[in-house]
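Source file: model38.csv. Holds: CSV, C-alpha atoms.
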```
chain,number,residue,atom,x,y,z
A,1,MET,CA,105.4,51.4,82.0
A,2,MET,CA,106.4,48.8,84.5
A,3,ARG,CA,108.7,47.1,82.0
A,4,GLU,CA,110.4,50.5,81.7
A,5,ALA,CA,110.7,50.7,85.5
A,6,LEU,CA,112.3,47.2,85.5
A,7,ARG,CA,114.7,48.2,82.8
A,8,LEU,CA,115.8,51.2,84.9
A,9,ALA,CA,116.2,49.1,88.0
A,10,LYS,CA,118.6,46.8,86.2
A,11,ARG,CA,121.0,49.7,85.5
A,12,SER,CA,122.3,49.5,89.0
A,13,LYS,CA,123.0,45.7,89.1
A,14,GLY,CA,125.8,45.0,91.5
A,15,GLU,CA,125.8,48.5,93.0
A,16,THR,CA,123.0,48.8,95.5
A,17,SER,CA,123.7,46.2,98.1
A,18,PRO,CA,122.6,45.8,100.8
A,19,ASN,CA,119.6,47.5,99.3
A,20,PRO,CA,117.4,46.1,96.4
A,21,MET,CA,117.5,47.3,92.9
A,22,VAL,CA,114.5,49.6,92.2
A,23,GLY,CA,113.2,51.5,89.2
A,24,ALA,CA,110.4,54.1,89.0
A,25,VAL,CA,108.5,55.9,86.2
A,26,LEU,CA,106.2,58.8,86.5
A,27,VAL,CA,103.3,59.1,84.0
A,28,SER,CA,100.9,61.9,83.3
A,29,ARG,CA,98.2,61.8,80.6
A,30,GLY,CA,99.7,58.6,79.2
A,31,LYS,CA,103.2,60.0,78.8
A,32,ILE,CA,106.4,59.4,80.9
A,33,ILE,CA,107.4,62.7,82.6
A,34,GLY,CA,110.1,61.3,85.0
A,35,ARG,CA,112.4,58.4,85.4
A,36,GLY,CA,114.5,57.2,88.3
A,37,TRP,CA,116.4,54.3,89.8
A,38,HIS,CA,118.2,53.6,93.0
A,39,ARG,CA,121.9,54.0,92.2
A,40,ARG,CA,123.5,52.7,95.4
A,41,ALA,CA,123.0,52.4,99.1
A,42,GLY,CA,122.9,55.7,100.9
A,43,LEU,CA,121.7,57.7,97.8
A,44,GLU,CA,118.2,58.7,96.9
A,45,HIS,CA,115.7,55.9,96.1
A,46,ALA,CA,114.1,55.4,92.7
A,47,GLU,CA,110.9,57.2,93.6
A,48,ILE,CA,112.8,60.4,94.8
A,49,ASN,CA,114.9,60.4,91.6
A,50,ALA,CA,111.9,60.0,89.4
A,51,ILE,CA,110.1,62.9,91.1
A,52,SER,CA,113.3,65.1,90.9
A,53,ASN,CA,113.7,64.1,87.2
A,54,ALA,CA,110.1,65.2,86.4
A,55,HIS,CA,110.6,68.5,88.2
A,56,ARG,CA,113.9,69.2,86.5
A,57,LEU,CA,112.1,68.7,83.1
A,58,GLY,CA,109.4,71.2,84.2
A,59,HIS,CA,106.6,68.7,84.7
A,60,SER,CA,104.0,68.9,87.4
A,61,THR,CA,103.7,65.6,89.4
A,62,ARG,CA,100.3,66.4,90.8
A,63,ASN,CA,97.8,63.6,90.2
A,64,ALA,CA,100.5,61.7,88.2
A,65,THR,CA,100.8,57.9,88.3
A,66,MET,CA,104.0,56.3,89.6
A,67,TYR,CA,105.0,52.9,88.4
A,68,VAL,CA,107.7,51.4,90.8
A,69,THR,CA,109.2,47.9,90.9
A,70,LEU,CA,109.0,47.6,94.7
A,71,GLU,CA,106.6,48.8,97.3
A,72,PRO,CA,107.9,52.2,98.4
A,73,CYS,CA,109.6,52.4,101.8
A,74,SER,CA,107.6,53.9,104.6
A,75,THR,CA,110.4,54.1,107.3
A,76,THR,CA,113.4,56.4,107.7
A,77,GLY,CA,116.7,54.7,107.0
A,78,LEU,CA,119.7,56.3,105.4
A,79,THR,CA,117.2,58.3,103.4
A,80,PRO,CA,113.7,59.7,104.3
A,81,PRO,CA,110.7,57.5,103.5
A,82,CYS,CA,109.6,57.5,99.9
A,83,THR,CA,105.9,57.6,101.0
A,84,LYS,CA,106.4,61.1,102.3
A,85,ALA,CA,108.0,62.3,99.0
A,86,ILE,CA,105.1,60.7,97.1
A,87,LEU,CA,102.5,62.5,99.2
A,88,ASP,CA,104.5,65.8,99.0
A,89,ALA,CA,104.6,65.5,95.2
A,90,GLY,CA,100.8,65.2,95.0
A,91,ILE,CA,101.0,61.9,93.1
A,92,GLY,CA,97.5,60.5,92.7
A,93,ARG,CA,98.2,56.8,92.0
A,94,VAL,CA,101.0,54.4,92.8
A,95,VAL,CA,101.4,51.0,91.0
A,96,PHE,CA,104.1,48.9,92.5
A,97,SER,CA,105.2,45.5,91.3
A,98,ALA,CA,106.6,43.5,94.3
A,99,THR,CA,105.5,43.8,97.9
A,100,ASP,CA,108.3,44.7,100.3
A,101,PRO,CA,109.8,41.2,101.2
A,102,ASN,CA,110.7,42.4,104.8
A,103,PRO,CA,107.9,41.0,106.9
A,104,LYS,CA,108.2,44.0,109.2
A,105,HIS,CA,107.4,46.4,106.4
A,106,ALA,CA,105.3,44.4,103.9
A,107,GLY,CA,102.1,46.3,103.0
A,108,ALA,CA,102.9,49.3,105.3
A,109,ALA,CA,103.4,51.8,102.5
A,110,SER,CA,100.2,50.5,100.7
A,111,ARG,CA,98.1,51.1,103.8
A,112,LEU,CA,99.6,54.5,104.5
A,113,LEU,CA,99.1,55.8,101.0
A,114,LYS,CA,95.6,54.6,100.8
A,115,ARG,CA,94.7,56.3,104.1
A,116,LYS,CA,96.0,59.5,102.6
A,117,GLY,CA,93.8,59.2,99.5
A,118,VAL,CA,96.3,57.8,97.0
A,119,LYS,CA,95.0,55.0,94.8
A,120,VAL,CA,97.3,52.0,95.1
A,121,ASP,CA,97.5,48.9,92.8
A,122,HIS,CA,100.1,46.2,93.1
A,123,SER,CA,101.5,42.8,91.8
A,124,LEU,CA,102.0,44.0,88.2
A,125,LEU,CA,104.9,41.8,86.8
A,126,SER,CA,105.7,40.9,90.4
A,127,ASP,CA,107.4,37.7,89.4
A,128,LYS,CA,110.0,39.7,87.3
A,129,SER,CA,110.5,42.2,90.1
A,130,SER,CA,111.0,39.5,92.7
A,131,GLU,CA,113.5,37.7,90.5
A,132,LEU,CA,115.4,40.9,89.9
A,133,ASN,CA,116.2,41.0,93.7
A,134,PHE,CA,116.4,37.3,94.4
A,135,ALA,CA,119.6,37.7,96.5
A,136,PHE,CA,118.2,40.6,98.6
A,137,ASN,CA,114.9,38.9,99.1
A,138,HIS,CA,116.6,35.7,100.4
A,139,TRP,CA,118.9,37.8,102.7
A,140,ILE,CA,116.1,39.9,104.2
A,141,THR,CA,113.9,36.9,105.0
A,142,THR,CA,116.6,34.4,106.2
A,143,GLY,CA,119.4,36.7,107.5
A,144,MET,CA,121.8,34.7,105.4
A,145,PRO,CA,123.4,35.5,102.0
A,146,PHE,CA,122.1,34.0,98.8
A,147,VAL,CA,124.8,31.4,97.9
A,148,THR,CA,126.0,30.6,94.3
A,149,VAL,CA,128.5,27.9,93.7
A,150,LYS,CA,130.5,28.7,90.5
A,151,ALA,CA,133.0,26.5,88.7
A,152,ALA,CA,134.7,26.3,85.3
A,153,MET,CA,135.5,22.7,84.3
A,154,THR,CA,136.1,20.3,81.5
A,155,LEU,CA,133.4,17.8,80.3
A,156,ASP,CA,134.8,15.3,82.8
A,157,GLY,CA,134.5,17.7,85.7
A,158,LYS,CA,138.1,18.8,86.0
A,159,ILE,CA,139.1,22.3,87.1
A,160,ALA,CA,142.8,21.7,86.6
A,161,SER,CA,145.1,19.1,84.9
A,162,VAL,CA,147.0,16.5,86.9
A,163,THR,CA,149.9,18.8,86.9
A,164,GLY,CA,147.8,21.7,88.3
A,165,GLU,CA,147.4,23.7,85.1
A,166,SER,CA,144.1,25.7,85.1
A,167,LYS,CA,144.6,28.7,82.9
A,168,TRP,CA,142.5,28.7,81.0
A,169,ILE,CA,140.0,25.9,80.9
A,170,THR,CA,137.2,28.1,79.4
A,171,GLY,CA,137.3,30.8,76.8
A,172,PRO,CA,137.0,34.6,77.1
A,173,LEU,CA,133.2,34.7,76.8
A,174,ALA,CA,132.8,32.3,79.7
A,175,ARG,CA,135.4,34.1,81.8
A,176,ARG,CA,133.6,37.4,81.2
A,177,GLU,CA,130.3,35.9,82.5
A,178,GLY,CA,132.2,34.8,85.5
A,179,MET,CA,133.4,38.3,86.1
A,180,LYS,CA,129.8,39.5,85.9
A,181,LEU,CA,128.8,37.1,88.6
A,182,ARG,CA,131.6,38.6,90.8
A,183,HIS,CA,130.3,42.1,90.0
A,184,GLU,CA,126.8,41.2,91.1
A,185,GLY,CA,128.0,39.7,94.4
A,186,ASP,CA,129.1,41.2,97.7
A,187,ALA,CA,131.8,38.6,98.4
A,188,ILE,CA,133.7,35.8,96.9
A,189,LEU,CA,134.7,32.8,98.9
A,190,VAL,CA,137.4,30.2,98.2
A,191,GLY,CA,139.2,27.5,100.2
A,192,VAL,CA,142.8,27.8,101.3
A,193,LYS,CA,143.9,25.1,98.9
A,194,THR,CA,142.9,27.4,96.0
A,195,ILE,CA,145.1,30.1,97.5
A,196,LEU,CA,148.0,27.7,98.0
A,197,SER,CA,147.8,26.2,94.5
A,198,ASP,CA,146.8,29.2,92.3
A,199,ASP,CA,147.5,32.4,94.4
A,200,PRO,CA,144.5,34.1,92.7
A,201,SER,CA,143.8,37.8,92.9
A,202,LEU,CA,140.0,37.3,93.2
A,203,THR,CA,139.3,40.8,91.9
A,204,LEU,CA,136.9,42.3,89.4
A,205,ARG,CA,138.5,42.6,86.0
A,206,ASP,CA,137.7,42.3,82.3
A,207,ILE,CA,134.4,44.1,82.6
A,208,LEU,CA,133.7,47.8,82.4
A,209,ARG,CA,132.0,49.6,85.2
A,210,PRO,CA,128.6,50.9,84.2
A,211,LYS,CA,129.7,54.5,84.6
A,212,PRO,CA,133.1,56.1,85.2
A,213,GLU,CA,131.9,57.6,88.5
A,214,TRP,CA,131.0,54.2,89.9
A,215,ARG,CA,131.7,54.1,93.6
A,216,GLY,CA,129.9,50.9,94.6
A,217,PRO,CA,131.2,48.5,97.2
A,218,ASP,CA,134.4,46.6,96.5
A,219,LEU,CA,134.2,42.8,96.2
A,220,ARG,CA,135.0,41.3,99.6
A,221,ARG,CA,137.4,38.2,99.5
A,222,ILE,CA,136.9,35.4,102.0
A,223,VAL,CA,139.2,32.4,102.5
A,224,LEU,CA,138.2,29.3,104.4
A,225,ASP,CA,141.4,28.4,106.2
A,226,PRO,CA,141.0,26.1,109.3
A,227,ARG,CA,144.7,26.0,110.2
A,228,ALA,CA,145.6,29.6,109.1
A,229,ARG,CA,147.9,28.4,106.3
A,230,THR,CA,147.3,31.4,104.0
A,231,PRO,CA,150.7,32.6,102.9
A,232,LEU,CA,151.5,36.1,104.1
A,233,ASP,CA,152.7,37.0,100.6
A,234,ALA,CA,149.4,35.8,99.0
A,235,LYS,CA,148.0,38.3,96.5
A,236,VAL,CA,144.7,38.6,98.4
A,237,LEU,CA,146.6,39.9,101.4
A,238,ASN,CA,148.8,42.4,99.6
A,239,ASP,CA,146.8,44.4,97.1
A,240,ARG,CA,144.9,47.6,97.9
A,241,LEU,CA,142.1,45.5,99.4
A,242,GLY,CA,144.3,43.2,101.3
A,243,SER,CA,143.5,44.5,104.8
A,244,LYS,CA,139.8,43.9,104.0
A,245,THR,CA,140.3,40.3,103.1
A,246,THR,CA,138.7,37.9,105.6
A,247,VAL,CA,140.4,34.6,106.6
A,248,ILE,CA,138.1,32.2,108.4
A,249,VAL,CA,139.9,30.0,110.9
A,250,SER,CA,138.9,27.3,113.3
A,251,PRO,CA,139.1,27.8,117.1
A,252,ASP,CA,142.3,25.7,117.4
A,253,ALA,CA,144.2,27.4,114.6
A,254,PRO,CA,147.9,28.0,115.6
A,255,THR,CA,148.3,31.1,117.7
A,256,LYS,CA,151.5,32.3,116.0
A,257,ARG,CA,150.0,32.0,112.6
A,258,LEU,CA,146.9,33.9,113.7
A,259,ALA,CA,148.9,36.8,115.1
A,260,LYS,CA,150.7,37.2,111.8
A,261,LEU,CA,147.5,37.0,109.7
A,262,GLN,CA,145.8,39.6,111.9
A,263,GLU,CA,148.5,42.1,111.0
A,264,LYS,CA,147.6,41.7,107.3
A,265,CYS,CA,143.8,41.1,107.2
A,266,ILE,CA,140.6,40.4,109.0
A,267,VAL,CA,140.6,37.1,110.9
A,268,MET,CA,137.2,35.5,111.9
A,269,ILE,CA,136.9,32.4,114.0
A,270,CYS,CA,134.2,30.0,113.0
A,271,PRO,CA,132.9,27.1,115.0
A,272,VAL,CA,133.7,23.6,113.8
A,273,TYR,CA,131.3,20.6,113.8
A,274,LYS,CA,132.7,17.1,113.2
A,275,SER,CA,136.0,18.5,111.9
A,276,LYS,CA,134.2,20.8,109.4
A,277,PHE,CA,133.3,24.5,109.5
A,278,ASN,CA,129.8,25.2,110.7
A,279,LEU,CA,128.9,26.9,107.4
A,280,LYS,CA,125.4,27.9,108.6
A,281,SER,CA,126.9,29.8,111.5
A,282,LEU,CA,129.3,31.4,109.1
A,283,LEU,CA,126.6,32.5,106.7
A,284,LYS,CA,124.6,34.0,109.6
A,285,LYS,CA,127.7,36.1,110.6
A,286,LEU,CA,128.2,37.2,107.0
A,287,GLY,CA,124.5,38.1,106.8
A,288,LYS,CA,124.8,40.4,109.8
A,289,GLN,CA,127.7,42.1,108.0
A,290,ASN,CA,125.4,42.9,105.1
A,291,VAL,CA,126.7,40.2,102.7
A,292,THR,CA,123.6,39.5,100.7
A,293,ASN,CA,125.0,37.7,97.8
A,294,LEU,CA,127.9,35.2,98.2
A,295,LEU,CA,129.8,33.7,95.3
A,296,VAL,CA,131.6,30.4,96.2
A,297,GLU,CA,134.4,29.7,93.7
A,298,GLY,CA,135.9,26.6,95.4
A,299,GLY,CA,137.9,24.6,94.6
A,300,GLY,CA,136.3,21.2,94.8
A,301,GLU,CA,136.3,20.6,98.5
A,302,THR,CA,134.9,24.0,99.4
A,303,ASN,CA,132.2,23.7,96.6
A,304,ALA,CA,131.3,20.2,98.0
A,305,ALA,CA,131.2,21.5,101.6
A,306,PHE,CA,128.5,24.0,100.7
A,307,ILE,CA,126.6,21.6,98.4
A,308,GLU,CA,126.6,18.8,101.0
A,309,SER,CA,125.5,21.2,103.7
A,310,GLY,CA,122.3,22.1,101.8
A,311,LEU,CA,123.2,25.8,101.9
A,312,VAL,CA,123.5,26.4,98.2
A,313,ASN,CA,120.8,28.4,96.4
A,314,ARG,CA,122.2,28.4,92.9
A,315,ILE,CA,124.9,26.8,90.8
A,316,THR,CA,126.6,28.2,87.8
A,317,PHE,CA,128.9,25.8,86.0
A,318,PHE,CA,130.9,26.5,82.9
A,319,TYR,CA,131.8,23.6,80.7
A,320,ALA,CA,134.6,23.6,78.2
A,321,PRO,CA,134.7,21.0,75.3
A,322,LYS,CA,137.8,19.4,76.8
A,323,ILE,CA,138.6,16.1,78.6
A,324,LEU,CA,141.6,16.0,81.0
A,325,GLY,CA,141.2,12.8,83.0
A,326,GLY,CA,143.6,12.0,85.8
A,327,ARG,CA,142.8,10.4,89.1
A,328,GLU,CA,144.6,13.2,91.0
A,329,ALA,CA,143.4,16.0,88.9
A,330,ARG,CA,141.2,18.4,90.8
A,331,THR,CA,137.4,18.2,90.2
A,332,GLY,CA,134.8,20.9,90.4
A,333,VAL,CA,132.9,19.2,93.2
A,334,ALA,CA,134.8,16.8,95.4
A,335,GLY,CA,133.9,16.1,99.1
A,336,GLU,CA,132.4,12.9,100.4
A,337,GLY,CA,129.7,12.8,97.8
A,338,LEU,CA,125.9,12.6,98.0
A,339,PRO,CA,123.7,9.5,97.5
A,340,LEU,CA,121.8,9.3,94.2
A,341,ASN,CA,118.5,10.1,95.9
A,342,SER,CA,119.8,12.8,98.1
A,343,GLY,CA,117.1,15.3,97.4
A,344,PHE,CA,119.5,17.8,95.9
A,345,LEU,CA,117.5,18.9,92.9
A,346,LEU,CA,117.8,21.6,90.3
A,347,LYS,CA,115.1,23.8,88.9
A,348,LYS,CA,114.9,26.8,86.6
A,349,ILE,CA,117.6,25.2,84.5
A,350,ARG,CA,119.1,27.3,81.8
A,351,TRP,CA,121.8,26.5,79.3
A,352,ARG,CA,123.7,29.1,77.3
A,353,ASN,CA,126.3,28.9,74.5
A,354,LEU,CA,129.3,31.0,75.1
A,355,GLY,CA,131.5,30.4,72.1
A,356,SER,CA,132.5,26.8,72.3
A,357,ASP,CA,131.7,26.7,76.0
A,358,LEU,CA,128.4,25.9,77.8
A,359,MET,CA,127.0,27.8,80.8
A,360,LEU,CA,124.6,26.0,83.1
A,361,THR,CA,122.6,28.1,85.6
A,362,ALA,CA,120.1,26.5,87.9
A,363,ARG,CA,118.4,27.0,91.3
A,364,VAL,CA,118.7,24.4,94.0
A,365,THR,CA,115.7,22.9,95.7
A,366,ARG,CA,115.3,20.1,98.2
A,367,ALA,CA,112.8,17.3,97.5
```

Written form, structure tokens:
Amino acid sequence: MMREALRLAKRSKGETSPNPMVGAVLVSRGKIIGRGWHRRAGLEHAEINAISNAHRLGHSTRNATMYVTLEPCSTTGLTPPCTKAILDAGIGRVVFSATDPNPKHAGAASRLLKRKGVKVDHSLLSDKSSELNFAFNHWITTGMPFVTVKAAMTLDGKIASVTGESKWITGPLARREGMKLRHEGDAILVGVKTILSDDPSLTLRDILRPKPEWRGPDLRRIVLDPRARTPLDAKVLNDRLGSKTTVIVSPDAPTKRLAKLQEKCIVMICPVYKSKFNLKSLLKKLGKQNVTNLLVEGGGETNAAFIESGLVNRITFFYAPKILGGREARTGVAGEGLPLNSGFLLKKIRWRNLGSDLMLTARVTRA
């Protein structure tokens, strides 16, 4: 039953931020009588949808058991608390998988339901439920987005040839997986050199929305641009989302350039430390703006800046069976470099074959 709830929760991947993905199943006499999942922020939670589904199908929810992937909410937010709906429905037992990761609310629903006579069990498949909402859990406990660095490169680490050619290093299957990463994220971040050399759109494409009526949040574009060099005719400033693009500048960026950029997009000033952006300060600002999941797509200097700062939580590298060489060819990770025993370690390493390409996904840990 909990596995079914997890399956339902995954249906809204990329659509619920800044809320977690949650699925719920109602069971009576060993049979499922209702299913529900949280579709997107502001709409009914999984528990409410499961109860409504059971009632629409003509089932009584009294004394039923609810299996839900996350501890039900007990506070009023954009929607009423799910604990009230559970009690009103007469549900006799609640089995939740993961405890609410918010320290302010953890265990509150469990205690409330028990006081009202509802039997409560928890921690069933909690590792899978927690992994499902890894980005949300990181954001709610640290106040900063979960950061993934993504790059597509040759076997010798090049993201473009010496003449600047980069389309396409990897094949269609790898590019599709890259689009899925964008779909799951709240924002994509690149450095201004990527804008100047490639003029990318940084949009969601080549994947189908889960449903035609999808109205989830658009992918936010962020450009690290200390000197406000982003061209005013850049694609990211001139499509339907251009006014929502954020350009991050340093405090001493040229005033005239800032004024022109502010007419086209959102301009955010970020403090600088030792001639580099204070990325931790930036992540805290983005976290306050409900960016829970940030995808960094470089290029090499920007990727390195995040890696060297120790603020990366996951890497996803795509490798094509090609070798380009070239001293001046751009690399996936540039920067000043880390010592061999830097403490930058990878865990939960996973390799996937995508046609002739390889996809490496790993979590980052510090020794």

Near stretch 332-346 of chain A, 7 Å: stretch 115-176 of chain A residue rows, closest pairs, all atoms listed in the file, as a tab-separated table:
```
residue	atom	partner	partner_atom	distance
A:Ala151	CA	A:Gly332	CA	6.1
A:Met153	CA	A:Gly332	CA	6.4
A:Gly157	CA	A:Gly332	CA	5.7
A:Lys158	CA	A:Gly332	CA	5.9
A:Ile159	CA	A:Gly332	CA	5.6
```

Two-atom distance - atom CA of A:Leu155, atom CA of A:Leu196 (Å): 25.0 Å

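Atom pair atom CA of A:Leu43 / atom CA of A:Ala64 has a distance of 23.6 Å (rounded to one decimal).
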
Please determine, counting all atoms listed in the file, which residue among A:Lys256, A:Arg220, A:Arg35, A:Arg93 has the shortest atom-to-atom distance to A:Thr292. A:Arg220

Within 7 Å of stretch 135-147 of chain A: each stretch 232-295 of chain A residue with its shortest pair, all atoms listed in the file, as a tab-separated table:
```
residue	atom	partner	partner_atom	distance
A:Leu283	CA	A:Met144	CA	5.4
A:Lys284	CA	A:Met144	CA	5.1
A:Gly287	CA	A:Met144	CA	4.6
A:Lys288	CA	A:Gly143	CA	6.9
A:Val291	CA	A:Pro145	CA	5.8
A:Thr292	CA	A:Pro145	CA	4.2
A:Asn293	CA	A:Phe146	CA	4.8
A:Leu294	CA	A:Val147	CA	4.9
A:Leu295	CA	A:Val147	CA	6.1
```

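Take the candidates A:Asn238, A:Thr83, A:Ser250, A:Ser275 and check each one against A:Lys114 using all atoms listed in the file; the shortest distance goes to A:Thr83.
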
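The two atoms in question, atom CA of A:Gly171 and atom CA of A:Gly185, are spaced 21.8 Å apart.
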
Just the residues within 12 Å of A:Asn278, please, counting all atoms listed in the file, with nothing from its chain fewer than 6 positions along; format it as a ChimeraX atom specification. /A:224,226,248-251,269-272,284-285,305-306,309,311

Show me, as a count of residues only, the residues that have an atom within 12 Å of stretch 77-82 of chain A when counting all atoms listed in the file, minus same-chain residues fewer than 3 positions from it. 36

If we count only C-alpha atoms, what is near A:Phe317 at a cut-off of 12 Å, once residues fewer than 5 positions away on the same chain are taken out, given as a ChimeraX atom specification? /A:148-155,157-159,170,174-175,177-178,181,296-298,303,332-333,349-352,357-363

For A:Leu219, work out the shell of residues within 9 Å, counting only C-alpha atoms and skipping chain neighbours fewer than 6 positions away, then give it as a ChimeraX atom specification. /A:182-183,185-188,202-204,241

Keeping only C-alpha atoms, take the residues you just selected and write them out as a compact mmCIF listing (two decimals), in the coordinates of the input.
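Okay, part_12.txt is ready:
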```txt
# COMPACT_ATOMS: atom_id res chain seq x y z
CA ARG A 182 131.60 38.60 90.80
CA HIS A 183 130.30 42.10 90.00
CA GLY A 185 128.00 39.70 94.40
CA ASP A 186 129.10 41.20 97.70
CA ALA A 187 131.80 38.60 98.40
CA ILE A 188 133.70 35.80 96.90
CA LEU A 202 140.00 37.30 93.20
CA THR A 203 139.30 40.80 91.90
CA LEU A 204 136.90 42.30 89.40
CA LEU A 241 142.10 45.50 99.40
```

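Here the question is which of A:Ala253, A:Ala160, A:Val236, A:Leu26 gets nearest to A:Ile266 using only C-alpha atoms, and that residue is A:Val236.
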
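Of the listed residues A:Met2, A:Ala320, A:Glu15, A:Asp225, the one whose atoms come nearest to A:Pro172 is A:Ala320, with distances taken using all atoms listed in the file.
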
Please determine, counting only C-alpha atoms, which residue among A:Pro200, A:Gly23, A:Gly92, A:Pro254 has the shortest atom-to-atom distance to A:Ala234. A:Pro200
